[in-house]
Amino acid sequence: MKNRVVGFMPGKVDCEKQRNFLSDTLKPAIAFAKSALIELFFVDASHFVMGGVPGRLWSKVRLWVKTGSGRKRYNVLGALNYISGKIETVTNDTYITAVQVVELLDKLAYEYAGKRIVLILDNAKYQRCATVISKAVELNIELVFLPTYSPNLNLIERVWKFVKANVLSAAYIETFDEYRARIDKFVGNITVDNAERMSSLITEKFQLFDDCKVA
């Protein structure tokens with residue numbers, strides 16, 4: 001019997017909706033971005049909890065790493081530019097709400113003034129609400145909402161995993177200020193310091209679940 005890697009998929013995923021969204025909406029948007037007709041962003045928030053993040057290495061004995069209490073978290077709402085890989089962020093240490101999403105919209109409208117801006121984002125209530133939608137209309141920003149249960153179609157999800165693996169995995173960071181600073185530095189320099197890795201993460205290849213074997 002062969003060893004196989006077990007993956008997880010959302011239990012309520014609609015494979016047909018994902019496939020149609022990819023072919024009818026996402027792939028055309030990527031083509032427009034490549035032709036410089038739009039500025040295409042993938043939007044999502046990551047909640048970095050200041051606790052232990054497991055890591056792996058080969059060792060004859062188990063090693064222990066000190067960890068924080070997990071009571072503090074650093075929230076980063078990010079917009080990943082498909083072409084440049086640059087991530088625009090809004091951060092806090094409380095909660096992500098519609099207020100932060102509006103702040104991100106204002107930031108994008110300023111940074112990319114005169115450009116047609118399109119955002120790919122999930123259906124979180126603080127994103128798909130009247131406040132955000134009306135602000136997007138005011139700024140002439142197009143919001144494109146993913147099918148429900150579709151993190152696999154949101155490219156910034158890959159980047160957040162990469163950030164956690166490189167900044168937080170098996171790492172002890174003593175103060176919250178340093179914790180925030182390390183994350184901010186890594187995200188801010190990600191296209192320079194990790195250009196090759198980013199090019200492999202931001203691609204047109206998306207995982208669909210149509211052909212997956214479900215246990």
# chains A, B, ... in the order shown; residues from 1 in each chain; ligands from 1
>>> select_by_dssp(residues="segment 25-186 of chain A", states="strand (DSSP E)", output="PyMOL selection string")
chain A and resi 39-49+73-81+87-92+117-121+141-145
>>> select_by_dssp(residues="segment 18-211 of chain A", states="helix (DSSP H, G or I)", output="ChimeraX atom specification")
/A:18-34,98-111,130-139,151-153,155-167,176-188,190-193,195-201
>>> closest_residue(among="A:Tyr112, A:Gly188, A:Ile38, A:Val137", to="Val90 of chain A", atoms="only C-alpha atoms")
A:Gly188
>>> closest_residue(among="A:Lys12, A:Asp177, A:Leu40, A:Arg182", to="Gly85 of chain A", atoms="only C-alpha atoms")
A:Leu40
>>> residues_around(residues="Leu77 of chain A", least_positions_apart="2", cutoff="7 Å", atoms="only C-alpha atoms", output="CSV table (one decimal) with N, CA and C atoms, in the first residue's frame")
chain,number,residue,atom,x,y,z
A,44,ASP,N,-8.1,39.3,0.9
A,44,ASP,CA,-8.5,38.4,2.0
A,44,ASP,C,-7.8,38.9,3.3
A,45,ALA,N,-8.3,38.6,4.4
A,45,ALA,CA,-7.7,38.9,5.7
A,45,ALA,C,-7.0,37.7,6.3
A,46,SER,N,-5.9,37.9,6.9
A,46,SER,CA,-5.2,36.8,7.6
A,46,SER,C,-5.1,37.3,9.1
A,75,ASN,N,-4.2,41.3,12.8
A,75,ASN,CA,-5.0,41.2,11.6
A,75,ASN,C,-4.5,42.0,10.4
A,89,THR,N,-2.0,46.7,2.3
A,89,THR,CA,-2.5,46.2,3.5
A,89,THR,C,-3.2,47.2,4.4
A,90,VAL,N,-4.1,46.8,5.2
A,90,VAL,CA,-4.7,47.5,6.3
A,90,VAL,C,-4.6,46.6,7.5
A,91,THR,N,-4.1,47.1,8.6
A,91,THR,CA,-3.8,46.2,9.8
A,91,THR,C,-4.4,46.8,11.0
>>> residues_around(residues="segment 206-208 of chain A", least_positions_apart="4", cutoff="9 Å", atoms="only C-alpha atoms", output="VMD selection string")
chain A and resid 15 18 to 19 22 152 to 155 212
>>> write_last_selection(atoms="C-alpha atoms", output="mmCIF file, in the first residue's frame")
data_model
loop_
_atom_site.group_PDB
_atom_site.id
_atom_site.type_symbol
_atom_site.label_atom_id
_atom_site.label_comp_id
_atom_site.auth_asym_id
_atom_site.auth_seq_id
_atom_site.Cartn_x
_atom_site.Cartn_y
_atom_site.Cartn_z
ATOM 1 C CA CYS A 15 -17.610 22.091 -7.875
ATOM 2 C CA GLN A 18 -16.257 26.868 -9.044
ATOM 3 C CA ARG A 19 -15.509 25.519 -12.499
ATOM 4 C CA LEU A 22 -12.987 30.008 -13.129
ATOM 5 C CA ASN A 152 -8.754 27.588 -3.508
ATOM 6 C CA LEU A 153 -9.657 30.281 -6.049
ATOM 7 C CA ASN A 154 -8.265 33.146 -3.981
ATOM 8 C CA LEU A 155 -4.551 33.472 -4.701
ATOM 9 C CA CYS A 212 -10.481 14.639 -6.355
#
>>> closest_residue(among="A:Val76, A:Ala36, A:Leu105, A:Leu143", to="Val118 of chain A", atoms="only C-alpha atoms")
A:Leu143
>>> atom_distance(atom1="atom CA of Ser169 of chain A", atom2="atom CA of Ile202 of chain A")
21.8 Å
